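Undergrad: File input22.txt follows (compact mmCIF, C-alpha atoms and all ligand atoms):
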```txt
# COMPACT_ATOMS: atom_id res chain seq x y z
CA MET A 1 11.16 -40.72 -33.59
CA THR A 2 10.02 -37.09 -33.33
CA ALA A 3 8.83 -35.60 -30.04
CA ALA A 4 5.27 -35.54 -31.42
CA GLN A 5 5.45 -39.25 -32.31
CA GLN A 6 6.82 -40.06 -28.86
CA LEU A 7 3.90 -38.29 -27.25
CA GLN A 8 1.43 -40.08 -29.47
CA GLU A 9 3.03 -43.39 -28.49
CA ARG A 10 2.83 -42.56 -24.78
CA LEU A 11 -0.84 -41.63 -25.21
CA HIS A 12 -1.53 -45.01 -26.85
CA GLN A 13 0.44 -46.83 -24.18
CA HIS A 14 -1.43 -45.22 -21.29
CA PHE A 15 -4.88 -44.48 -22.73
CA GLY A 16 -5.34 -47.01 -25.53
CA SER A 17 -5.19 -46.94 -29.30
CA LYS A 18 -8.12 -44.54 -29.71
CA ALA A 19 -6.34 -41.71 -27.89
CA SER A 20 -4.87 -39.05 -30.15
CA ILE A 21 -3.46 -35.57 -29.99
CA GLU A 22 -4.28 -32.61 -32.22
CA SER A 23 -2.87 -29.08 -32.33
CA LEU A 24 -5.36 -26.39 -31.42
CA THR A 25 -3.66 -24.10 -33.95
CA THR A 26 -0.31 -25.18 -35.39
CA GLU A 27 2.33 -27.57 -34.08
CA ASP A 28 4.76 -24.81 -33.10
CA ARG A 29 2.20 -23.08 -30.85
CA MET A 30 0.60 -23.81 -27.50
CA GLY A 31 -2.61 -25.77 -27.11
CA ARG A 32 -3.51 -29.38 -27.83
CA ARG A 33 -6.81 -31.25 -28.06
CA ILE A 34 -6.58 -34.75 -26.62
CA HIS A 35 -9.11 -37.15 -28.10
CA GLY A 36 -10.27 -40.52 -26.90
CA LEU A 37 -10.05 -40.11 -23.11
CA ASP A 38 -12.84 -40.71 -20.62
CA LEU A 39 -12.20 -38.47 -17.63
CA THR A 40 -14.93 -40.12 -15.53
CA LYS A 41 -12.39 -42.89 -14.92
CA SER A 42 -9.79 -42.51 -12.17
CA LEU A 43 -6.30 -41.86 -13.48
CA GLN A 44 -3.47 -44.27 -12.78
CA PRO A 45 -0.27 -42.48 -11.65
CA ALA A 46 1.40 -42.91 -15.07
CA GLN A 47 -1.69 -41.47 -16.77
CA ALA A 48 -1.77 -38.46 -14.45
CA ALA A 49 1.96 -37.91 -15.05
CA LEU A 50 1.41 -37.96 -18.80
CA LEU A 51 -1.36 -35.34 -18.55
CA GLN A 52 0.93 -33.13 -16.45
CA ASP A 53 3.70 -33.53 -19.05
CA LEU A 54 1.26 -32.54 -21.79
CA LEU A 55 0.25 -29.47 -19.82
CA ASP A 56 3.90 -28.55 -19.18
CA ASP A 57 4.66 -28.88 -22.89
CA PHE A 58 1.57 -27.25 -24.36
CA GLN A 59 0.19 -24.87 -21.67
CA ILE A 60 -3.44 -25.57 -22.66
CA ILE A 61 -4.89 -29.06 -23.09
CA SER A 62 -8.51 -29.68 -23.96
CA PHE A 63 -10.52 -32.91 -23.78
CA PRO A 64 -13.64 -32.87 -25.97
CA SER A 65 -17.02 -34.56 -25.53
CA GLN A 66 -16.64 -35.44 -21.87
CA ASP A 67 -20.39 -34.90 -21.42
CA SER A 68 -20.95 -38.01 -23.55
CA HIS A 69 -19.28 -40.03 -20.77
CA GLY A 70 -21.51 -38.46 -18.12
CA LEU A 71 -18.71 -36.38 -16.61
CA ASN A 72 -19.89 -34.29 -13.68
CA VAL A 73 -18.16 -31.62 -11.62
CA HIS A 74 -17.10 -34.12 -8.92
CA HIS A 75 -15.08 -35.91 -11.61
CA VAL A 76 -13.49 -32.61 -12.62
CA GLU A 77 -12.54 -31.83 -9.03
CA ARG A 78 -10.94 -35.26 -8.68
CA LEU A 79 -8.99 -34.60 -11.88
CA ALA A 80 -7.92 -31.19 -10.53
CA ASN A 81 -6.34 -32.89 -7.50
CA HIS A 82 -3.68 -34.38 -9.75
CA PHE A 83 -2.54 -30.92 -10.87
CA GLY A 84 -2.64 -29.21 -7.47
CA ALA A 85 -4.74 -28.70 -4.35
CA PRO A 86 -8.14 -27.25 -5.34
CA ILE A 87 -8.97 -23.97 -3.65
CA PRO A 88 -12.41 -23.00 -2.45
CA HIS A 89 -13.80 -20.08 -4.45
CA PRO A 90 -14.54 -16.88 -2.48
CA SER A 91 -17.96 -16.52 -4.13
CA ASN A 92 -19.16 -19.68 -2.39
CA PHE A 93 -18.93 -17.98 1.02
CA SER A 94 -21.35 -15.44 2.43
CA ASN A 95 -18.62 -13.60 4.35
CA TYR A 96 -15.29 -14.39 2.64
CA GLY A 97 -12.49 -12.28 4.07
CA VAL A 98 -13.38 -12.61 7.76
CA PRO A 99 -11.12 -14.80 9.94
CA VAL A 100 -11.18 -18.32 8.50
CA HIS A 101 -12.93 -19.96 11.46
CA GLU A 102 -15.85 -17.53 10.97
CA MET A 103 -16.22 -18.07 7.20
CA ALA A 104 -19.57 -19.58 6.30
CA ALA A 105 -20.47 -21.36 3.07
CA LYS A 106 -23.53 -19.92 1.34
CA THR A 107 -26.81 -21.70 1.88
CA ALA A 108 -28.28 -23.57 -1.09
CA GLU A 109 -30.71 -20.79 -2.03
CA HIS A 110 -27.94 -18.19 -2.07
CA GLN A 111 -25.53 -20.21 -4.19
CA ALA A 112 -24.96 -19.17 -7.78
CA ILE A 113 -26.36 -22.46 -9.01
CA ALA A 114 -29.81 -21.70 -7.55
CA LYS A 115 -29.94 -18.49 -9.60
CA ILE A 116 -28.58 -20.24 -12.71
CA ASP A 117 -31.24 -22.96 -12.44
CA ALA A 118 -33.97 -20.29 -12.12
CA ALA A 119 -33.06 -18.48 -15.38
CA PHE A 120 -34.55 -20.87 -17.95
CA PRO A 121 -36.32 -23.64 -16.02
CA GLY A 122 -36.59 -26.83 -18.03
CA ALA A 123 -33.92 -25.68 -20.49
CA ILE A 124 -30.77 -25.26 -18.38
CA ALA A 125 -29.94 -26.80 -15.00
CA CYS A 126 -26.53 -27.09 -13.35
CA ILE A 127 -25.01 -30.55 -13.44
CA GLU A 128 -24.10 -32.69 -10.45
CA GLY A 129 -21.24 -31.41 -8.31
CA ALA A 130 -21.65 -27.78 -9.36
CA ASP A 131 -22.23 -26.85 -5.73
CA THR A 132 -18.85 -27.93 -4.31
CA LEU A 133 -16.85 -25.21 -2.56
CA ALA A 134 -14.04 -25.38 -5.11
CA THR A 135 -16.33 -24.81 -8.09
CA TYR A 136 -16.89 -21.38 -9.57
CA PRO A 137 -19.64 -21.34 -12.20
CA VAL A 138 -18.59 -18.82 -14.85
CA ASN A 139 -21.97 -17.88 -16.29
CA ASN A 140 -24.28 -15.26 -17.71
CA LEU A 141 -27.43 -16.81 -16.26
CA SER A 142 -27.74 -15.67 -12.66
CA GLU A 143 -29.53 -12.42 -13.63
CA SER A 144 -31.07 -13.74 -16.85
CA GLY A 145 -34.49 -15.01 -17.94
CA PRO A 146 -36.95 -14.93 -20.87
CA ASP A 147 -38.32 -11.50 -19.88
CA LYS A 148 -35.00 -9.79 -19.19
CA GLU A 149 -33.41 -7.12 -21.32
CA GLU A 150 -30.06 -8.13 -22.77
CA VAL A 151 -27.00 -6.45 -21.20
CA LEU A 152 -23.51 -6.41 -22.71
CA ALA A 153 -20.32 -6.34 -20.65
CA ALA A 154 -16.80 -5.44 -21.73
CA GLY A 155 -13.93 -7.91 -21.52
CA GLN A 156 -11.63 -7.94 -18.51
CA HIS A 157 -7.90 -7.22 -18.22
CA TRP A 158 -5.17 -9.71 -19.07
CA HIS A 159 -3.95 -11.56 -16.01
CA THR A 160 -3.07 -14.85 -14.39
CA ASP A 161 -5.41 -15.96 -11.63
CA ILE A 162 -4.48 -15.15 -8.02
CA GLU A 163 -0.87 -14.37 -8.89
CA PHE A 164 -0.58 -12.25 -5.73
CA GLU A 165 -0.65 -15.14 -3.25
CA LYS A 166 2.59 -16.62 -1.90
CA VAL A 167 1.79 -19.90 -3.57
CA PRO A 168 -0.08 -18.74 -6.69
CA LEU A 169 -2.50 -20.88 -8.66
CA SER A 170 -0.71 -23.35 -10.86
CA THR A 171 -3.57 -24.70 -12.91
CA SER A 172 -7.17 -23.90 -13.81
CA ILE A 173 -9.80 -26.10 -15.39
CA PHE A 174 -12.99 -25.24 -17.26
CA TYR A 175 -15.72 -27.78 -17.84
CA VAL A 176 -18.15 -26.36 -20.39
CA GLN A 177 -21.87 -26.99 -20.12
CA CYS A 178 -23.19 -24.22 -22.40
CA ALA A 179 -21.41 -22.08 -25.00
CA PRO A 180 -23.19 -19.25 -26.82
CA GLN A 181 -24.72 -20.36 -30.11
CA THR A 182 -26.18 -17.15 -31.56
CA ARG A 183 -24.20 -14.91 -33.96
CA ASN A 184 -26.58 -11.98 -34.26
CA ALA A 185 -24.18 -9.09 -33.75
CA PRO A 186 -23.15 -6.93 -36.72
CA GLY A 187 -20.21 -8.76 -38.27
CA GLY A 188 -21.75 -12.15 -37.58
CA THR A 189 -20.32 -12.56 -34.08
CA TRP A 190 -22.01 -13.31 -30.76
CA VAL A 191 -21.42 -9.82 -29.34
CA THR A 192 -20.05 -6.43 -30.24
CA ASP A 193 -17.44 -5.18 -27.80
CA PRO A 194 -18.93 -2.34 -25.73
CA GLY A 195 -15.37 -1.33 -24.78
CA HIS A 196 -13.94 -0.54 -21.38
CA GLU A 197 -15.10 2.37 -19.32
CA PRO A 198 -12.63 5.30 -19.25
CA GLY A 199 -9.82 4.73 -16.75
CA PHE A 200 -9.95 0.92 -16.92
CA TYR A 201 -6.31 0.97 -17.97
CA HIS A 202 -3.76 3.64 -17.16
CA PRO A 203 -4.12 6.54 -19.65
CA ASP A 204 -0.35 6.59 -20.29
CA SER A 205 -0.30 3.31 -22.24
CA SER A 206 1.06 3.42 -25.77
CA PRO A 207 -1.43 3.14 -28.66
CA GLY A 208 0.13 -0.21 -29.63
CA LEU A 209 -0.39 -1.64 -26.15
CA GLU A 210 -3.92 -0.25 -25.96
CA ALA A 211 -4.77 -1.88 -29.29
CA ALA A 212 -3.30 -5.23 -28.21
CA ARG A 213 -5.25 -5.19 -24.97
CA MET A 214 -8.51 -4.35 -26.72
CA ALA A 215 -8.25 -6.98 -29.46
CA LEU A 216 -10.56 -9.43 -27.71
CA PRO A 217 -12.55 -12.28 -29.27
CA LEU A 218 -16.29 -11.79 -29.84
CA ASN A 219 -17.74 -15.31 -29.67
CA GLY A 220 -17.26 -15.94 -25.94
CA GLU A 221 -13.79 -17.43 -26.37
CA THR A 222 -11.24 -17.23 -23.57
CA ALA A 223 -8.17 -15.51 -24.97
CA TYR A 224 -4.75 -16.76 -23.90
CA THR A 225 -1.22 -15.68 -24.58
CA ASP A 226 1.90 -17.80 -24.23
CA THR A 227 4.39 -16.18 -21.85
CA ALA A 228 6.94 -19.01 -22.24
CA ARG A 229 7.16 -18.63 -26.01
CA ALA A 230 7.14 -14.84 -25.61
CA PHE A 231 10.10 -15.08 -23.22
CA ALA A 232 11.94 -17.46 -25.54
CA ALA A 233 11.54 -14.95 -28.38
CA LEU A 234 13.50 -12.25 -26.52
CA SER A 235 17.20 -11.71 -27.15
CA PRO A 236 19.59 -13.52 -24.79
CA SER A 237 20.70 -10.19 -23.29
CA ARG A 238 17.09 -9.10 -22.65
CA GLN A 239 16.33 -12.52 -21.12
CA ALA A 240 19.36 -12.19 -18.83
CA GLU A 241 18.23 -8.70 -17.81
CA LEU A 242 14.70 -9.84 -17.00
CA GLU A 243 15.94 -12.80 -14.99
CA GLN A 244 17.48 -10.31 -12.54
CA VAL A 245 14.17 -8.47 -12.01
CA GLN A 246 12.15 -8.91 -8.86
CA ILE A 247 8.50 -7.97 -8.62
CA ARG A 248 6.74 -6.99 -5.43
CA ARG A 249 3.58 -9.05 -5.26
CA ARG A 250 0.74 -7.78 -3.17
CA PHE A 251 -3.00 -7.84 -2.97
CA ARG A 252 -3.90 -4.31 -1.90
CA LYS A 253 -2.06 -1.09 -2.61
CA ASP A 254 -0.99 -0.64 1.02
CA ASP A 255 0.13 -4.26 1.60
CA ASP A 256 3.88 -4.74 2.10
CA GLY A 257 3.77 -7.77 -0.16
CA TRP A 258 6.89 -9.81 -0.94
CA LEU A 259 9.37 -10.20 -3.76
CA VAL A 260 9.36 -12.88 -6.43
CA PRO A 261 11.35 -13.21 -9.66
CA LEU A 262 9.72 -11.85 -12.81
CA VAL A 263 10.83 -14.97 -14.66
CA TYR A 264 9.40 -18.31 -13.55
CA VAL A 265 11.26 -21.55 -14.18
CA ASN A 266 9.12 -24.67 -14.52
CA PRO A 267 10.67 -27.11 -12.00
CA ARG A 268 9.82 -30.13 -14.18
CA THR A 269 10.99 -28.87 -17.57
CA GLY A 270 13.30 -25.92 -16.90
CA VAL A 271 11.25 -23.82 -19.35
CA LYS A 272 11.20 -20.14 -18.43
CA SER A 273 8.16 -17.91 -18.65
CA LEU A 274 6.89 -14.56 -17.48
CA HIS A 275 4.59 -15.26 -14.60
CA SER A 276 4.72 -12.44 -12.10
CA PRO A 277 2.49 -9.52 -13.00
CA ILE A 278 3.83 -7.89 -16.13
CA TRP A 279 0.75 -5.73 -16.45
CA ALA A 280 1.60 -2.66 -14.42
CA SER A 281 -1.64 -0.83 -15.12
CA ARG A 282 -4.23 -3.43 -14.28
CA GLY A 283 -7.92 -3.13 -13.57
CA LYS A 284 -8.78 -0.60 -10.90
CA ARG A 285 -9.47 -3.10 -8.14
CA VAL A 286 -6.00 -4.69 -8.21
CA ALA A 287 -2.76 -3.24 -6.81
CA PRO A 288 -0.33 -2.25 -9.58
CA ALA A 289 2.69 -4.46 -10.01
CA GLN A 290 5.89 -2.83 -8.83
CA VAL A 291 9.40 -3.63 -9.99
CA GLU A 292 11.73 -3.70 -7.00
CA GLY A 293 13.73 -0.47 -6.88
CA MET A 294 11.29 1.44 -9.11
CA THR A 295 8.36 3.77 -8.46
CA ASP A 296 4.90 2.94 -9.83
CA ASP A 297 5.53 5.17 -12.86
CA GLU A 298 8.96 3.68 -13.53
CA SER A 299 7.54 0.18 -13.13
CA ARG A 300 4.85 0.91 -15.66
CA HIS A 301 7.36 2.23 -18.18
CA PHE A 302 9.47 -0.88 -17.66
CA LEU A 303 6.62 -3.37 -17.82
CA ASP A 304 4.37 -1.90 -20.52
CA PRO A 305 6.72 -2.80 -23.41
CA LEU A 306 6.91 -6.32 -22.00
CA GLU A 307 3.13 -6.59 -21.92
CA GLU A 308 2.97 -5.30 -25.49
CA HIS A 309 5.51 -7.95 -26.51
CA VAL A 310 3.55 -10.76 -24.83
CA LEU A 311 0.22 -9.72 -26.37
CA GLN A 312 1.48 -9.97 -29.96
CA PRO A 313 -0.70 -12.10 -32.24
CA GLN A 314 1.94 -14.82 -32.68
CA PHE A 315 1.68 -15.68 -28.96
CA ARG A 316 -2.11 -15.32 -28.74
CA TYR A 317 -4.70 -18.05 -28.94
CA ASP A 318 -8.45 -17.55 -28.56
CA HIS A 319 -9.98 -20.76 -27.26
CA VAL A 320 -13.45 -21.55 -28.59
CA HIS A 321 -15.45 -23.30 -25.89
CA ARG A 322 -17.70 -26.21 -26.85
CA PRO A 323 -20.17 -28.00 -24.59
CA GLY A 324 -18.52 -31.07 -23.08
CA ASP A 325 -14.96 -29.70 -23.25
CA VAL A 326 -12.66 -29.99 -20.26
CA THR A 327 -9.92 -27.43 -20.81
CA ILE A 328 -6.90 -27.16 -18.52
CA TRP A 329 -4.36 -24.35 -18.58
CA SER A 330 -1.14 -23.52 -16.81
CA ASN A 331 -1.25 -20.22 -14.98
CA PHE A 332 2.55 -20.09 -14.91
CA SER A 333 3.06 -19.83 -18.65
CA THR A 334 -0.05 -18.10 -19.94
CA LEU A 335 -2.06 -14.94 -19.41
CA HIS A 336 -5.75 -15.02 -20.14
CA VAL A 337 -8.67 -12.66 -20.35
CA ALA A 338 -12.43 -12.97 -20.11
CA PRO A 339 -14.04 -11.82 -23.36
CA PRO A 340 -16.78 -9.27 -24.00
CA ASN A 341 -19.95 -10.98 -22.95
CA LYS A 342 -23.72 -10.82 -22.86
CA LYS A 343 -24.00 -10.75 -19.09
CA VAL A 344 -27.81 -10.74 -19.02
CA ILE A 345 -29.61 -12.80 -21.67
CA ASN A 346 -33.18 -13.67 -22.60
CA ASP A 347 -32.45 -16.55 -24.98
CA PRO A 348 -30.97 -19.81 -23.66
CA ALA A 349 -29.00 -20.09 -26.93
CA ASP A 350 -26.88 -17.21 -25.58
CA ALA A 351 -26.00 -19.10 -22.40
CA ARG A 352 -22.37 -19.36 -21.37
CA LEU A 353 -21.94 -21.74 -18.45
CA MET A 354 -18.61 -23.27 -17.47
CA TYR A 355 -17.46 -24.70 -14.16
CA ARG A 356 -14.02 -23.53 -13.13
CA ILE A 357 -11.82 -25.27 -10.59
CA SER A 358 -8.37 -23.91 -9.81
CA CYS A 359 -5.56 -25.45 -7.83
CA LYS A 360 -2.12 -24.71 -6.45
CA GLY A 361 0.98 -26.50 -5.25
CA ALA A 362 2.81 -29.44 -6.79
CA PRO A 363 1.12 -32.07 -8.96
CA SER A 364 0.33 -35.40 -7.32
CA TYR A 365 0.05 -38.43 -9.56
CA GLU A 366 -1.49 -40.48 -6.76
CA LEU A 367 -4.62 -39.52 -4.82
CA PRO A 368 -5.39 -38.48 -2.20
CA ARG A 369 -2.77 -35.73 -2.33
CA PRO A 370 -0.02 -35.80 0.28
CA ASP A 371 -0.44 -32.14 1.37
CA THR A 372 0.20 -31.70 5.09
CA ASP A 373 -2.37 -29.99 7.32
CA GLU A 374 0.16 -27.23 7.89
CA TRP A 375 0.60 -26.60 4.16
CA ILE A 376 -3.17 -26.56 3.60
CA GLU A 377 -3.66 -24.18 6.50
CA HIS A 378 -1.05 -21.74 5.19
CA ASN A 379 -1.97 -21.80 1.53
CA ILE A 380 -5.65 -22.64 1.12
CA THR A 381 -8.19 -20.13 2.45
CA PRO A 382 -10.27 -21.38 4.09
CA PRO A 383 -8.48 -24.73 4.59
CA TYR A 384 -10.02 -27.28 2.24
CA ARG A 385 -9.53 -30.78 0.90
CA SER A 386 -11.66 -32.21 -1.87
CA PRO A 387 -14.03 -34.98 -0.85
CA LEU A 388 -12.82 -37.70 -3.20
CA THR A 389 -15.28 -40.45 -2.50
FE FE B 401 -8.95 -15.42 -14.74
```
As structure tokens, please, write out the structure in this file.

TA:
Amino acid sequence: MTAAQQLQERLHQHFGSKASIESLTTEDRMGRRIHGLDLTKSLQPAQAALLQDLLDDFQIISFPSQDSHGLNVHHVERLANHFGAPIPHPSNFSNYGVPVHEMAAKTAEHQAIAKIDAAFPGAIACIEGADTLATYPVNNLSESGPDKEEVLAAGQHWHTDIEFEKVPLSTSIFYVQCAPQTRNAPGGTWVTDPGHEPGFYHPDSSPGLEAARMALPLNGETAYTDTARAFAALSPSRQAELEQVQIRRRFRKDDDGWLVPLVYVNPRTGVKSLHSPIWASRGKRVAPAQVEGMTDDESRHFLDPLEEHVLQPQFRYDHVHRPGDVTIWSNFSTLHVAPPNKKVINDPADARLMYRISCKGAPSYELPRPDTDEWIEHNITPPYRSPLT
């Protein structure tokens, strides 16, 4: 029996005969669509373990049509608890960054969802659970409305989320409510790319790297690249060299930070990937990654060719979002980037609204998670546990 057949059999065993698995591109690449599951139902431990195995094997797993089951954001947060401890999103606090005991959650009228609901009343309203502290509504609605002038925004830089924390995010989840429907841009796409402002990336980058960074999708897709497959494609001697490299992780330029290996090893599968920042010349607001023993310039010259390698088309996958999709990705074996976007819209058909929940730490196949208070206090800011009832 092939590995694919074994997986299909496990899916049938744990989720019934209607469950099936489909490649998002081709069988040898990351990404699978899992059909026939109803994520409103609690997962049994063996079911949660199977979903974690699928994520470990395929980096991105997507579950279509969950809206047809009445899935809300509370269900998504419960699901997230199996993959890691959900973290509260900074944007849900009015004063994030002050000492934790002084942090205050935003009042209802200041939450993003109040602004989203006000954009096109009667046409788009946030679904239940969108206001939990762990939920970040990725959207282009909070400044939008029928009388507004459309505004385009460039894509962001390639990254993994919150890689600078001591325990970085393991997993992120999108639940899609609205995906842009119009294709009015020249070329038949949703948008044209307005391009980054000068200085977004370091001016030293090679033309090949610049081109790879700029090749972003134009229909609101999230672009991903597979850093496990990219690592596996390197020569054994290059792999051995990179496994010796330590990266200094830090949040701000003047932080001392701490060292972590450039190469991450998945503790469940042994698969190696590039997880620590390999993008030395990141967006302006983020501290550059530094290779231990090298200056910023030397680090950039060391890391840029690696970034160019990882961003090659054979490792890339641009995920098309569809309303009702729950899409889960591993932050340890992918990079991703937010695409060029209409950030202010006047037509609800241009709406892009997805609820993101991210989590960290080890998976837990049983709920509630067994995280100790001490672990939560050290790794979740501010300390948070999902209400699971
Ligand atoms: Fe991100």

Undergrad: Where does chain A meet ligand FE 401 (chain B) within 8 Å, residue by residue, with the nearest atom pair and distance in Å to one decimal for each, counting all atoms listed in the file, listed by chain and rising number, as JSON lines?

TA:
```
{"residue": "A:His159", "atom": "CA", "partner": "B:FE401", "partner_atom": "FE", "distance": 6.4}
{"residue": "A:Thr160", "atom": "CA", "partner": "B:FE401", "partner_atom": "FE", "distance": 5.9}
{"residue": "A:Asp161", "atom": "CA", "partner": "B:FE401", "partner_atom": "FE", "distance": 4.7}
{"residue": "A:His336", "atom": "CA", "partner": "B:FE401", "partner_atom": "FE", "distance": 6.3}
{"residue": "A:Val337", "atom": "CA", "partner": "B:FE401", "partner_atom": "FE", "distance": 6.3}
{"residue": "A:Ala338", "atom": "CA", "partner": "B:FE401", "partner_atom": "FE", "distance": 6.9}
```

Undergrad: So the first atom is atom CA of Pro86 of chain A and the second is atom CA of Ser386 of chain A; what is the distance between them in Å, to one decimal place?

TA: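 Pair atom CA of Pro86 of chain A / atom CA of Ser386 of chain A returns 7.0 Å.
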
Undergrad: Would you kindly return, as a list in words, each protein, DNA or RNA residue with an atom no farther than 10 Å from any atom of Ala114 of chain A, considering all atoms listed in the file and excluding same-chain residues fewer than 3 positions away?

TA: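 Skipping anything fewer than 3 positions along the chain leaves Thr107, Ala108, Glu109, His110, Gln111, Asp117, Ala118, Ala119, Ala125, Cys126, Asp131 and Ser142 of chain A.
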
Undergrad: Mind giving me the straight-line distance from atom CA of Pro45 of chain A to atom CA of Phe15 of chain A in Å, one decimal?

TA: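 Pair atom CA of Pro45 of chain A / atom CA of Phe15 of chain A returns 12.2 Å.
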
Undergrad: Need the shell around Val151 of chain A: protein/DNA/RNA residues with any atom at most 10 Å away, counting only C-alpha atoms. Skip same-chain ones fewer than 6 positions apart. Format as a list of chain:residue names?

TA: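 The residues satisfying every condition are A:Asn140, A:Glu143, A:Ser144, A:Asn341, A:Lys342, A:Lys343, A:Val344, A:Ile345, A:Asn346.
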
Undergrad: Between A:Ile173, A:Ala153, A:Val260, A:Ala185, single out the one closest to Ala80 of chain A, counting only C-alpha atoms.

TA: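 Between A:Ile173, A:Ala153, A:Val260, A:Ala185, the residue approaching Ala80 of chain A most closely is A:Ile173.
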
Undergrad: Could you work out how far atom CA of Arg252 of chain A lies from atom CA of Ser358 of chain A, giving the answer in Å with one decimal?

TA: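 Distance between the two atoms: 21.6 Å.
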
Undergrad: Go through A:Pro99, A:Pro363, A:Pro339, A:Gly270 one by one, measure the shortest atom-to-atom distance of each to Val191 of chain A using all atoms listed in the file, and give the residue with the smallest value.

TA: A:Pro339

Undergrad: Within 9 Å of Ala228 of chain A, counting only C-alpha atoms, which residues show up once you throw out same-chain ones fewer than 4 positions away? Write them as an NGL selection string, please.

TA: :A and (59 or 232-233 or 271-275 or 332-334)

Undergrad: Name the residues in contact with His82 of chain A at a cut-off of 12 Å, using all atoms listed in the file, excluding same-chain residues fewer than 5 positions from it; report them as a VMD selection string.

TA: chain A and resid 42 to 53 55 75 to 77 170 to 173 328 358 to 371 386 388

Undergrad: Write out the residues from the selection above, keeping C-alpha atoms, as a JSON list (two decimals), keeping the file's coordinate frame.

TA:
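And here's part.json as it stands now:
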```
[["chain", "number", "residue", "atom", "x", "y", "z"],
["A", 42, "SER", "CA", -9.79, -42.51, -12.17],
["A", 43, "LEU", "CA", -6.30, -41.86, -13.48],
["A", 44, "GLN", "CA", -3.47, -44.27, -12.78],
["A", 45, "PRO", "CA", -0.27, -42.48, -11.65],
["A", 46, "ALA", "CA", 1.40, -42.91, -15.07],
["A", 47, "GLN", "CA", -1.69, -41.47, -16.77],
["A", 48, "ALA", "CA", -1.77, -38.46, -14.45],
["A", 49, "ALA", "CA", 1.96, -37.91, -15.05],
["A", 50, "LEU", "CA", 1.41, -37.96, -18.80],
["A", 51, "LEU", "CA", -1.36, -35.34, -18.55],
["A", 52, "GLN", "CA", 0.93, -33.13, -16.45],
["A", 53, "ASP", "CA", 3.70, -33.53, -19.05],
["A", 55, "LEU", "CA", 0.25, -29.47, -19.82],
["A", 75, "HIS", "CA", -15.08, -35.91, -11.61],
["A", 76, "VAL", "CA", -13.49, -32.61, -12.62],
["A", 77, "GLU", "CA", -12.54, -31.83, -9.03],
["A", 170, "SER", "CA", -0.71, -23.35, -10.86],
["A", 171, "THR", "CA", -3.57, -24.70, -12.91],
["A", 172, "SER", "CA", -7.17, -23.90, -13.81],
["A", 173, "ILE", "CA", -9.80, -26.10, -15.39],
["A", 328, "ILE", "CA", -6.90, -27.16, -18.52],
["A", 358, "SER", "CA", -8.37, -23.91, -9.81],
["A", 359, "CYS", "CA", -5.56, -25.45, -7.83],
["A", 360, "LYS", "CA", -2.12, -24.71, -6.45],
["A", 361, "GLY", "CA", 0.98, -26.50, -5.25],
["A", 362, "ALA", "CA", 2.81, -29.44, -6.79],
["A", 363, "PRO", "CA", 1.12, -32.07, -8.96],
["A", 364, "SER", "CA", 0.33, -35.40, -7.32],
["A", 365, "TYR", "CA", 0.05, -38.43, -9.56],
["A", 366, "GLU", "CA", -1.49, -40.48, -6.76],
["A", 367, "LEU", "CA", -4.62, -39.52, -4.82],
["A", 368, "PRO", "CA", -5.39, -38.48, -2.20],
["A", 369, "ARG", "CA", -2.77, -35.73, -2.33],
["A", 370, "PRO", "CA", -0.02, -35.80, 0.28],
["A", 371, "ASP", "CA", -0.44, -32.14, 1.37],
["A", 386, "SER", "CA", -11.66, -32.21, -1.87],
["A", 388, "LEU", "CA", -12.82, -37.70, -3.20]]
```

Undergrad: Measuring between all atoms listed in the file, which one of A:Phe315, A:Phe302, A:Trp190, A:Tyr384 shows the shortest distance to Ala85 of chain A?

TA: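 The closest residue to Ala85 of chain A is A:Tyr384.
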